[in-house]
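Q: Before I ask anything, here is the structure I am working with.
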Amino acid sequence: TKRGEFQKDEEAYMAKYSLTEPQKAAIRSRQVLQLIDAGGNAYYLAKFAGIFGLDMQDIGAQQTGMSKDEFKAKLQAYSR
């Protein structure tokens with residue numbers, strides 16, 4: 001599968017599809033927001049988030065500049 005190919009050798013996979021250096025850096029950093037800044041499509045970014053093992057709380061933390069624990073605490077505070 002494409003996912004397996006990526007997971008086996010990320011660098012070769014990125015080279016195969018001629019990613020730019022900013023795109024490669026975003027993949028390496030696991031920062032979904034950097035992927036968006038590098039021109040990523042939201043549909044494919046959701047796929048990458050899954051491959052990276054990120055959940056919605058990870059992405060929410062990235063969007064707010066918080067740690068995941070801080071973001072979870074903020075969510076819990078809102079729910080009270």
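Residue numbering restarts at 1 in every chain; chains get A, B, ... in the order shown in the structure tokens, and ligands count up from 1 in that same order.
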Give me the residues within 12 Å of Arg3 in chain A as a list in words, counting only C-alpha atoms and dropping any in the same chain fewer than 6 places off.

A: Asp9, Glu10, Tyr13, Tyr44, Lys47, Phe48, Ala49, Gly50, Ile51 and Phe52 of chain A

Q: Please produce a file of those selected residues containing N, CA and C atoms, as a short mmCIF file (atom, residue, chain, number, x, y, z; two decimals), in the first residue's frame.

A:
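Ended up saving to result_9.cif:
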```
data_model
loop_
_atom_site.label_atom_id
_atom_site.label_comp_id
_atom_site.auth_asym_id
_atom_site.auth_seq_id
_atom_site.Cartn_x
_atom_site.Cartn_y
_atom_site.Cartn_z
N ASP A 9 9.98 3.94 4.08
CA ASP A 9 11.08 4.87 3.76
C ASP A 9 10.50 6.22 3.38
N GLU A 10 10.29 7.06 4.39
CA GLU A 10 9.67 8.37 4.16
C GLU A 10 10.46 9.22 3.17
N TYR A 13 9.96 8.05 -0.35
CA TYR A 13 8.58 8.35 -0.76
C TYR A 13 8.44 9.83 -1.12
N TYR A 44 -5.84 15.09 2.52
CA TYR A 44 -4.61 14.32 2.64
C TYR A 44 -3.91 14.56 3.98
N LYS A 47 -5.10 12.20 6.46
CA LYS A 47 -4.45 10.90 6.28
C LYS A 47 -3.08 10.89 6.94
N PHE A 48 -2.31 11.95 6.72
CA PHE A 48 -0.99 12.03 7.35
C PHE A 48 -1.10 12.05 8.87
N ALA A 49 -2.06 12.77 9.39
CA ALA A 49 -2.23 12.81 10.85
C ALA A 49 -2.41 11.40 11.39
N GLY A 50 -3.20 10.59 10.70
CA GLY A 50 -3.37 9.20 11.10
C GLY A 50 -2.09 8.40 11.02
N ILE A 51 -1.34 8.58 9.95
CA ILE A 51 -0.06 7.89 9.79
C ILE A 51 0.90 8.31 10.89
N PHE A 52 0.87 9.58 11.26
CA PHE A 52 1.77 10.10 12.29
C PHE A 52 1.33 9.69 13.69
#
```

Q: In Å, rounded to a single decimal, give me how far CA of Asp58 in chain A is from CA of Leu75 in chain A.

A: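 So the two atoms, CA of Leu75 in chain A and CA of Asp58 in chain A, lie 12.4 Å apart.
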
Q: Between CA of Ile36 in chain A and CA of Gln23 in chain A, what distance in Å does the model show, to one decimal?

A: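 Calculated distance between CA of Ile36 in chain A and CA of Gln23 in chain A is 9.2 Å.
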
Q: Please identify all polymer residues within 12 Å of Ala25 in chain A, counting only C-alpha atoms, omitting same-chain residues fewer than 3 positions from it, and present them as JSON, numbers by chain.

A: {"A": [10, 11, 14, 19, 20, 21, 22, 28, 29, 30, 31, 32, 33, 34, 35, 37, 38]}

Q: So that I have them on file, write out the residues from the current selection with C-alpha atoms, as a short mmCIF file (atom, residue, chain, number, x, y, z; two decimals), in the first residue's frame.

A:
```cif
data_model
loop_
_atom_site.label_atom_id
_atom_site.label_comp_id
_atom_site.auth_asym_id
_atom_site.auth_seq_id
_atom_site.Cartn_x
_atom_site.Cartn_y
_atom_site.Cartn_z
CA GLU A 10 9.67 8.37 4.16
CA GLU A 11 12.60 10.06 2.44
CA MET A 14 8.94 12.14 -0.56
CA LEU A 19 8.15 17.26 -2.50
CA THR A 20 9.76 20.62 -1.90
CA GLU A 21 12.11 21.13 1.04
CA PRO A 22 9.40 23.02 3.04
CA ARG A 28 9.56 15.32 9.20
CA SER A 29 8.34 17.62 11.99
CA ARG A 30 4.88 15.98 12.15
CA GLN A 31 3.36 19.46 12.28
CA VAL A 32 0.04 19.37 10.46
CA LEU A 33 -0.17 23.18 10.37
CA GLN A 34 3.18 23.34 8.57
CA LEU A 35 1.75 20.92 6.01
CA ASP A 37 1.31 26.24 5.07
CA ALA A 38 3.30 24.16 2.56
#
```
